[in-house]
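Colleague: Below you'll find model.pdb; it's PDB, C-alpha atoms.
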ATOM      1  CA  MET A 771     169.684 110.352  59.085  1.00  0.00           C
ATOM      2  CA  GLN A 772     166.475 112.306  59.742  1.00  0.00           C
ATOM      3  CA  LYS A 773     167.423 114.786  57.007  1.00  0.00           C
ATOM      4  CA  LEU A 774     167.831 111.930  54.525  1.00  0.00           C
ATOM      5  CA  LEU A 775     164.462 110.445  55.455  1.00  0.00           C
ATOM      6  CA  ILE A 776     162.729 113.808  55.023  1.00  0.00           C
ATOM      7  CA  THR A 777     164.475 114.310  51.674  1.00  0.00           C
ATOM      8  CA  ILE A 778     163.143 110.993  50.367  1.00  0.00           C
ATOM      9  CA  ASP A 779     159.706 111.922  51.735  1.00  0.00           C
ATOM     10  CA  LYS A 780     159.873 115.145  49.738  1.00  0.00           C
ATOM     11  CA  ILE A 781     160.893 113.295  46.567  1.00  0.00           C
ATOM     12  CA  SER A 782     157.980 110.881  46.958  1.00  0.00           C
ATOM     13  CA  THR A 783     155.688 113.829  47.641  1.00  0.00           C
ATOM     14  CA  PHE A 784     156.928 115.698  44.578  1.00  0.00           C
ATOM     15  CA  MET A 785     156.386 112.668  42.350  1.00  0.00           C
ATOM     16  CA  GLY A 786     152.907 112.041  43.719  1.00  0.00           C
ATOM     17  CA  GLN A 787     151.857 115.678  43.389  1.00  0.00           C
ATOM     18  CA  SER A 788     153.309 115.943  39.886  1.00  0.00           C
ATOM     19  CA  PHE A 789     151.495 112.880  38.576  1.00  0.00           C
ATOM     20  CA  SER A 790     148.306 113.910  40.384  1.00  0.00           C
ATOM     21  CA  TRP A 791     147.784 116.442  37.569  1.00  0.00           C
ATOM     22  CA  LEU A 792     146.967 113.465  35.365  1.00  0.00           C
ATOM     23  CA  ILE A 793     143.513 113.425  36.955  1.00  0.00           C
ATOM     24  CA  VAL A 794     142.919 116.919  35.559  1.00  0.00           C
ATOM     25  CA  ALA A 795     144.169 115.891  32.129  1.00  0.00           C
ATOM     26  CA  LEU A 796     142.081 112.736  32.304  1.00  0.00           C
ATOM     27  CA  THR A 797     138.959 114.725  33.191  1.00  0.00           C
ATOM     28  CA  PHE A 798     139.390 117.050  30.210  1.00  0.00           C
ATOM     29  CA  PHE A 799     140.266 114.145  27.927  1.00  0.00           C
ATOM     30  CA  ILE A 800     137.161 112.166  28.871  1.00  0.00           C
ATOM     31  CA  SER A 801     134.991 115.263  28.510  1.00  0.00           C
ATOM     32  CA  TRP A 802     136.383 115.938  25.060  1.00  0.00           C
ATOM     33  CA  GLU A 803     135.924 112.328  23.987  1.00  0.00           C
ATOM     34  CA  VAL A 804     132.289 112.328  25.136  1.00  0.00           C
ATOM     35  CA  PHE A 805     131.695 115.574  23.229  1.00  0.00           C
ATOM     36  CA  SER A 806     133.487 114.249  20.170  1.00  0.00           C
ATOM     37  CA  ARG A 807     131.603 110.969  20.230  1.00  0.00           C
ATOM     38  CA  TYR A 808     128.060 112.236  20.802  1.00  0.00           C
ATOM     39  CA  ALA A 809     128.098 115.800  19.500  1.00  0.00           C
ATOM     40  CA  LEU A 810     130.493 115.468  16.570  1.00  0.00           C
ATOM     41  CA  ASP A 811     129.884 111.776  15.846  1.00  0.00           C
ATOM     42  CA  HIS A 812     133.640 111.295  15.686  1.00  0.00           C
ATOM     43  CA  PRO A 813     134.832 108.840  18.359  1.00  0.00           C
ATOM     44  CA  HIS A 814     138.503 107.970  18.679  1.00  0.00           C
ATOM     45  CA  PRO A 815     139.170 104.227  18.868  1.00  0.00           C
ATOM     46  CA  TRP A 816     142.346 104.737  20.893  1.00  0.00           C
ATOM     47  CA  ALA A 817     140.676 106.893  23.564  1.00  0.00           C
ATOM     48  CA  PHE A 818     139.803 103.996  25.881  1.00  0.00           C
ATOM     49  CA  ASP A 819     143.399 102.724  25.857  1.00  0.00           C
ATOM     50  CA  VAL A 820     144.740 106.186  26.681  1.00  0.00           C
ATOM     51  CA  MET A 821     142.271 106.583  29.557  1.00  0.00           C
ATOM     52  CA  ILE A 822     143.397 103.279  31.077  1.00  0.00           C
ATOM     53  CA  MET A 823     147.067 104.188  30.767  1.00  0.00           C
ATOM     54  CA  MET A 824     146.600 107.657  32.252  1.00  0.00           C
ATOM     55  CA  TYR A 825     144.645 106.384  35.236  1.00  0.00           C
ATOM     56  CA  GLY A 826     147.015 103.446  35.747  1.00  0.00           C
ATOM     57  CA  THR A 827     150.008 105.788  35.735  1.00  0.00           C
ATOM     58  CA  LEU A 828     148.341 108.069  38.271  1.00  0.00           C
ATOM     59  CA  PHE A 829     147.434 105.123  40.498  1.00  0.00           C
ATOM     60  CA  MET A 830     150.893 103.545  40.477  1.00  0.00           C
ATOM     61  CA  MET A 831     152.913 106.739  40.864  1.00  0.00           C
ATOM     62  CA  ALA A 832     150.831 107.738  43.885  1.00  0.00           C
ATOM     63  CA  GLY A 833     151.952 104.658  45.834  1.00  0.00           C
ATOM     64  CA  ALA A 834     155.200 106.070  47.237  1.00  0.00           C
ATOM     65  CA  TYR A 835     153.517 109.394  48.015  1.00  0.00           C
ATOM     66  CA  THR A 836     150.735 107.666  49.968  1.00  0.00           C
ATOM     67  CA  LEU A 837     153.273 105.579  51.868  1.00  0.00           C
ATOM     68  CA  ALA A 838     155.295 108.698  52.699  1.00  0.00           C
ATOM     69  CA  LYS A 839     152.149 110.225  54.235  1.00  0.00           C
ATOM     70  CA  ASN A 840     151.362 107.013  56.140  1.00  0.00           C
ATOM     71  CA  ALA A 841     147.980 107.079  54.416  1.00  0.00           C
ATOM     72  CA  HIS A 842     147.605 103.533  53.120  1.00  0.00           C
ATOM     73  CA  VAL A 843     144.537 101.752  54.472  1.00  0.00           C
ATOM     74  CA  ARG A 844     145.141  99.603  57.537  1.00  0.00           C
ATOM     75  CA  GLY A 845     142.845  97.829  59.945  1.00  0.00           C
ATOM     76  CA  ASP A 846     143.688 100.103  62.860  1.00  0.00           C
ATOM     77  CA  VAL A 847     140.767  99.278  65.153  1.00  0.00           C
ATOM     78  CA  LEU A 848     143.337  98.193  67.733  1.00  0.00           C
ATOM     79  CA  TYR A 849     146.518  99.547  66.143  1.00  0.00           C
ATOM     80  CA  GLY A 850     145.715 103.148  67.053  1.00  0.00           C
ATOM     81  CA  PHE A 851     145.561 102.245  70.751  1.00  0.00           C
ATOM     82  CA  PHE A 852     148.978 100.546  70.789  1.00  0.00           C
ATOM     83  CA  PRO A 853     152.039 102.372  72.151  1.00  0.00           C
ATOM     84  CA  PRO A 854     154.510 103.575  69.491  1.00  0.00           C
ATOM     85  CA  ARG A 855     157.033 100.788  70.111  1.00  0.00           C
ATOM     86  CA  LEU A 856     154.401  98.078  69.627  1.00  0.00           C
ATOM     87  CA  GLN A 857     153.181  99.814  66.465  1.00  0.00           C
ATOM     88  CA  ALA A 858     156.744  99.988  65.155  1.00  0.00           C
ATOM     89  CA  GLY A 859     157.351  96.323  65.969  1.00  0.00           C
ATOM     90  CA  LEU A 860     154.235  95.239  64.096  1.00  0.00           C
ATOM     91  CA  ASP A 861     155.015  97.481  61.132  1.00  0.00           C
ATOM     92  CA  LEU A 862     158.615  96.292  60.955  1.00  0.00           C
ATOM     93  CA  THR A 863     157.544  92.646  60.983  1.00  0.00           C
ATOM     94  CA  LEU A 864     155.004  93.194  58.216  1.00  0.00           C
ATOM     95  CA  TYR A 865     157.424  95.227  56.130  1.00  0.00           C
ATOM     96  CA  LEU A 866     160.083  92.509  56.301  1.00  0.00           C
ATOM     97  CA  LEU A 867     157.750  89.543  55.805  1.00  0.00           C
ATOM     98  CA  PHE A 868     155.374  90.896  53.174  1.00  0.00           C
ATOM     99  CA  PHE A 869     156.218  94.357  51.879  1.00  0.00           C
ATOM    100  CA  ILE A 870     159.834  93.904  50.834  1.00  0.00           C
ATOM    101  CA  PRO A 871     159.378  90.494  49.113  1.00  0.00           C
ATOM    102  CA  GLY A 872     156.169  91.648  47.431  1.00  0.00           C
ATOM    103  CA  VAL A 873     157.544  94.941  46.124  1.00  0.00           C
ATOM    104  CA  VAL A 874     160.834  93.379  44.983  1.00  0.00           C
ATOM    105  CA  ALA A 875     158.817  90.795  43.030  1.00  0.00           C
ATOM    106  CA  PHE A 876     156.669  93.622  41.655  1.00  0.00           C
ATOM    107  CA  VAL A 877     159.727  95.553  40.432  1.00  0.00           C
ATOM    108  CA  TRP A 878     161.337  92.448  38.929  1.00  0.00           C
ATOM    109  CA  ALA A 879     158.161  91.349  37.153  1.00  0.00           C
ATOM    110  CA  GLY A 880     157.505  94.908  35.991  1.00  0.00           C
ATOM    111  CA  TYR A 881     161.011  95.169  34.575  1.00  0.00           C
ATOM    112  CA  THR A 882     160.499  91.886  32.701  1.00  0.00           C
ATOM    113  CA  TYR A 883     157.145  93.009  31.302  1.00  0.00           C
ATOM    114  CA  ALA A 884     158.539  96.383  30.268  1.00  0.00           C
ATOM    115  CA  SER A 885     161.653  94.976  28.582  1.00  0.00           C
ATOM    116  CA  GLU A 886     159.610  92.415  26.626  1.00  0.00           C
ATOM    117  CA  SER A 887     157.137  95.116  25.632  1.00  0.00           C
ATOM    118  CA  TRP A 888     159.928  97.382  24.355  1.00  0.00           C
ATOM    119  CA  ALA A 889     161.570  94.482  22.506  1.00  0.00           C
ATOM    120  CA  MET A 890     158.402  93.741  20.488  1.00  0.00           C
ATOM    121  CA  SER A 891     157.239  97.375  20.251  1.00  0.00           C
ATOM    122  CA  GLU A 892     154.001  96.238  21.837  1.00  0.00           C
ATOM    123  CA  HIS A 893     150.752  97.998  20.983  1.00  0.00           C
ATOM    124  CA  SER A 894     147.358  97.641  22.604  1.00  0.00           C
ATOM    125  CA  ASN A 895     145.148  94.934  21.118  1.00  0.00           C
ATOM    126  CA  ILE A 896     141.941  96.203  22.724  1.00  0.00           C
ATOM    127  CA  THR A 897     141.199  98.169  19.581  1.00  0.00           C
ATOM    128  CA  ALA A 898     142.519  98.059  16.038  1.00  0.00           C
ATOM    129  CA  ASP A 899     145.696 100.082  15.591  1.00  0.00           C
ATOM    130  CA  GLY A 900     145.935 100.546  19.362  1.00  0.00           C
ATOM    131  CA  PRO A 901     148.499 102.956  20.814  1.00  0.00           C
ATOM    132  CA  PRO A 902     151.924 101.754  22.037  1.00  0.00           C
ATOM    133  CA  ILE A 903     151.870 100.477  25.594  1.00  0.00           C
ATOM    134  CA  TYR A 904     155.578  99.910  26.248  1.00  0.00           C
ATOM    135  CA  PRO A 905     155.954 103.415  27.791  1.00  0.00           C
ATOM    136  CA  PHE A 906     153.050 102.617  30.087  1.00  0.00           C
ATOM    137  CA  LYS A 907     154.547  99.272  31.139  1.00  0.00           C
ATOM    138  CA  THR A 908     157.785 101.084  31.965  1.00  0.00           C
ATOM    139  CA  ILE A 909     155.883 102.888  34.704  1.00  0.00           C
ATOM    140  CA  ILE A 910     155.449  99.565  36.539  1.00  0.00           C
ATOM    141  CA  PRO A 911     159.108  99.044  37.608  1.00  0.00           C
ATOM    142  CA  VAL A 912     159.642 102.797  38.045  1.00  0.00           C
ATOM    143  CA  ALA A 913     156.687 103.112  40.426  1.00  0.00           C
ATOM    144  CA  GLY A 914     157.765  99.938  42.216  1.00  0.00           C
ATOM    145  CA  ALA A 915     161.272 101.336  42.708  1.00  0.00           C
ATOM    146  CA  PHE A 916     159.908 104.510  44.297  1.00  0.00           C
ATOM    147  CA  ILE A 917     157.669 102.455  46.588  1.00  0.00           C
ATOM    148  CA  LEU A 918     160.597 100.218  47.537  1.00  0.00           C
ATOM    149  CA  VAL A 919     162.812 103.186  48.463  1.00  0.00           C
ATOM    150  CA  GLN A 920     160.020 104.748  50.492  1.00  0.00           C
ATOM    151  CA  GLY A 921     159.406 101.391  52.164  1.00  0.00           C
ATOM    152  CA  ILE A 922     163.050 101.238  53.251  1.00  0.00           C
ATOM    153  CA  VAL A 923     162.579 104.709  54.748  1.00  0.00           C
ATOM    154  CA  GLU A 924     159.570 103.437  56.686  1.00  0.00           C
ATOM    155  CA  ILE A 925     161.588 100.459  57.953  1.00  0.00           C
ATOM    156  CA  ILE A 926     164.266 102.851  59.215  1.00  0.00           C
ATOM    157  CA  ARG A 927     161.535 104.849  60.953  1.00  0.00           C
ATOM    158  CA  CYS A 928     160.326 101.680  62.662  1.00  0.00           C
ATOM    159  CA  VAL A 929     163.847 100.980  63.942  1.00  0.00           C
ATOM    160  CA  ILE A 930     164.193 104.562  65.201  1.00  0.00           C
ATOM    161  CA  CYS A 931     160.838 104.328  66.971  1.00  0.00           C
ATOM    162  CA  LEU A 932     161.845 101.052  68.634  1.00  0.00           C
ATOM    163  CA  LYS A 933     164.977 102.760  69.978  1.00  0.00           C
ATOM    164  CA  GLN A 934     163.496 106.127  70.964  1.00  0.00           C
ATOM    165  CA  GLY A 935     159.951 105.133  71.895  1.00  0.00           C
ATOM    166  CA  GLU A 936     158.315 107.648  69.538  1.00  0.00           C
ATOM    167  CA  TRP A 937     157.810 108.060  65.820  1.00  0.00           C
ATOM    168  CA  PRO A 938     160.205 110.389  63.989  1.00  0.00           C
ATOM    169  CA  SER A 939     158.694 113.333  62.139  1.00  0.00           C
ATOM    170  CA  ARG A 940     157.618 113.307  58.505  1.00  0.00           C
ATOM    171  CA  ALA A 941     157.679 115.938  55.783  1.00  0.00           C
ATOM    172  CA  GLU A 942     154.722 118.285  56.082  1.00  0.00           C
ATOM    173  CA  ASP A 943     152.061 118.245  53.412  1.00  0.00           C
ATOM    174  CA  VAL A 944     148.373 118.868  52.958  1.00  0.00           C
ATOM    175  CA  GLN A 945     146.574 117.120  55.807  1.00  0.00           C
ATOM    176  CA  GLU A 946     142.972 116.445  56.597  1.00  0.00           C
ATOM    177  CA  VAL A 947     141.259 119.399  58.277  1.00  0.00           C
ATOM    178  CA  ASP A 948     141.313 119.202  62.059  1.00  0.00           C
ATOM    179  CA  VAL A 949     138.178 121.055  63.154  1.00  0.00           C
ATOM    180  CA  ASP A 950     139.458 121.791  66.658  1.00  0.00           C
ATOM    181  CA  LYS A 951     142.723 123.230  65.342  1.00  0.00           C
ATOM    182  CA  LEU A 952     140.799 125.264  62.798  1.00  0.00           C
ATOM    183  CA  LYS A 953     138.645 126.740  65.564  1.00  0.00           C
ATOM    184  CA  ASP A 954     141.748 127.728  67.527  1.00  0.00           C
ATOM    185  CA  MET A 955     143.298 129.361  64.460  1.00  0.00           C
ATOM    186  CA  VAL A 956     140.293 131.578  63.791  1.00  0.00           C
ATOM    187  CA  HIS A 957     139.533 132.085  67.521  1.00  0.00           C
ATOM    188  CA  VAL A 958     136.042 130.608  67.323  1.00  0.00           C
ATOM    189  CA  LYS A 959     134.412 128.849  70.274  1.00  0.00           C
ATOM    190  CA  ASP A 960     131.567 126.346  70.304  1.00  0.00           C
ATOM    191  CA  GLU A 961     129.303 128.847  72.074  1.00  0.00           C
ATOM    192  CA  ASP A 962     129.969 131.402  69.321  1.00  0.00           C
ATOM    193  CA  ILE A 963     128.851 128.859  66.729  1.00  0.00           C
ATOM    194  CA  ALA A 964     125.740 128.084  68.786  1.00  0.00           C
ATOM    195  CA  LYS A 965     124.885 131.806  69.016  1.00  0.00           C
ATOM    196  CA  LEU A 966     125.320 132.180  65.261  1.00  0.00           C
ATOM    197  CA  ASP A 967     123.042 129.188  64.644  1.00  0.00           C
ATOM    198  CA  ALA A 968     120.382 130.667  66.925  1.00  0.00           C
ATOM    199  CA  PHE A 969     120.649 134.034  65.172  1.00  0.00           C
ATOM    200  CA  VAL A 970     120.226 132.445  61.741  1.00  0.00           C
ATOM    201  CA  ILE A 971     117.205 130.477  62.943  1.00  0.00           C
ATOM    202  CA  ARG A 972     115.575 133.638  64.355  1.00  0.00           C
ATOM    203  CA  GLN A 973     116.160 135.466  61.080  1.00  0.00           C
ATOM    204  CA  GLU A 974     114.545 132.639  59.125  1.00  0.00           C
ATOM    205  CA  GLU A 975     111.565 132.515  61.457  1.00  0.00           C
ATOM    206  CA  SER A 976     111.049 136.288  61.202  1.00  0.00           C
ATOM    207  CA  ARG A 977     110.850 136.042  57.417  1.00  0.00           C
ATOM    208  CA  LYS A 978     108.043 133.453  57.529  1.00  0.00           C
TER     209      LYS A 978
END
If you convert what's in this file into structure tokens, what do you get?
Modeller:
Amino acid sequence: MQKLLITIDKISTFMGQSFSWLIVALTFFISWEVFSRYALDHPHPWAFDVMIMMYGTLFMMAGAYTLAKNAHVRGDVLYGFFPPRLQAGLDLTLYLLFFIPGVVAFVWAGYTYASESWAMSEHSNITADGPPIYPFKTIIPVAGAFILVQGIVEIIRCVICLKQGEWPSRAEDVQEVDVDKLKDMVHVKDEDIAKLDAFVIRQEESRK
């Protein structure tokens, strides 16, 4: 079971990391459009639509990845102090009452929007001759499906935690820097940092 959970974590991670490159493409695209508009006096009327679709795709496809890393925002002023079983019980209740119904509705509505958009070959009406948006609307149910699968994985983790009293492991990925761990890795102590600070200050004072 744990192997299956980690595999789904890795799939969500791969999808999130793959679509994260859209931010690079979006940065270059916006830069080019600004240059084209103001330097070449040749704006593209469809550029705004493409920017929205690129950012929307990035935002939606990052949902499962963020859930896999347990990184969605939560009001954990008290949550962080709870024992694992209480955390799992609260998470399980919220997943069953709100997450599953909400995401299922999201996938169903997204599928309806996408199918209608494909049926009419829908194009953006923000600008004249706007680009097609049916591929973009297809992302809605696809992203929702990934989030739903990852949510089921999180529910299974809650059940495991309730039984074992501790959270099962997750797939490793880039994490926020832990300063204390970083110090241990490079064998640096607080007093060494203080000595270095004092040395730098003395050097600056001697130059004045």
Colleague: Name the residues within 10 Å of (138.9, 105.3, 19.1), counting only C-alpha atoms in the file's coordinates, and put them as number ranges by chain.
Modeller: A: 803, 807, 812-820, 897-900
Colleague: Between A:Met831, A:Ala879, A:Met824, A:Cys928, which one has atoms that come closest to Ile903 in chain A, using all atoms listed in the file?
Modeller: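 Among A:Met831, A:Ala879, A:Met824, A:Cys928, it is A:Met824 that comes nearest to Ile903 in chain A.
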Colleague: Of the candidates A:Val929, A:Phe969, A:Pro901, A:Ser782, which shows the shortest atom-to-atom distance to Leu856 in chain A, using all atoms listed in the file?
Modeller: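 Smallest separation from Leu856 in chain A among the options: A:Val929.
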Colleague: May I ask for the distance between CA of Ile896 in chain A and CA of Ser806 in chain A, given in Å to one decimal place?
Modeller: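 It comes out at 20.1 Å.
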Colleague: Please determine, counting all atoms listed in the file, which residue among A:Ala875, A:Ile930, A:Val923, A:Ala889 has the shortest atom-to-atom distance to Asn840 in chain A.
Modeller: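 That would be A:Val923, the residue with the smallest distance to Asn840 in chain A.
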Colleague: Under the PyMOL selection byres ((chain A and resi 861) around 12), which residues of this model are included? Write them out as a ChimeraX atom specification.
Modeller: /A:840,844,846,849,852,854-860,862-870,921-922,924-929,931-932,937
Colleague: Given all atoms listed in the file as the basis, pick out the residue of A:Val877, A:Ala968, A:Leu828, A:Met823 nearest to Tyr904 in chain A.
Modeller: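 With all atoms listed in the file as the atom set, the closest residue is A:Met823.
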Colleague: Return as a list in words the set of residues that the PyMOL selection byres ((chain A and resi 775-777) around 9) yields on the displayed structure.
Modeller: Met771, Gln772, Lys773, Leu774, Ile778, Asp779, Lys780, Ile781, Ser782, Gln920, Val923, Glu924, Ile926, Arg927, Ser939, Arg940 and Ala941 of chain A
Colleague: Given the file shown, determine the residues that the PyMOL selection byres ((chain A and resi 787) around 12) selects; report them as a PyMOL selection string.
Modeller: chain A and resi 780-786+788-794+828-829+831-836+943-944
Colleague: Any idea what's packed within 7 Å of Ala913 in chain A, counting only C-alpha atoms, ignoring anything in its chain fewer than 4 positions away? Could you give it as JSON, numbers by chain?
Modeller: {"A": [830, 831, 909, 917]}
Colleague: Restricting the output to C-alpha atoms, write the selected residues as a CSV table (one decimal), in the coordinates of the input.
Modeller:
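The resulting file, again_5.csv, is shown below:
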chain,number,residue,atom,x,y,z
A,830,MET,CA,150.9,103.5,40.5
A,831,MET,CA,152.9,106.7,40.9
A,909,ILE,CA,155.9,102.9,34.7
A,917,ILE,CA,157.7,102.5,46.6
Colleague: Please, what distance in Å, to one decimal, runs between CA of Tyr881 in chain A and CA of Ala841 in chain A?
Modeller: 26.6 Å
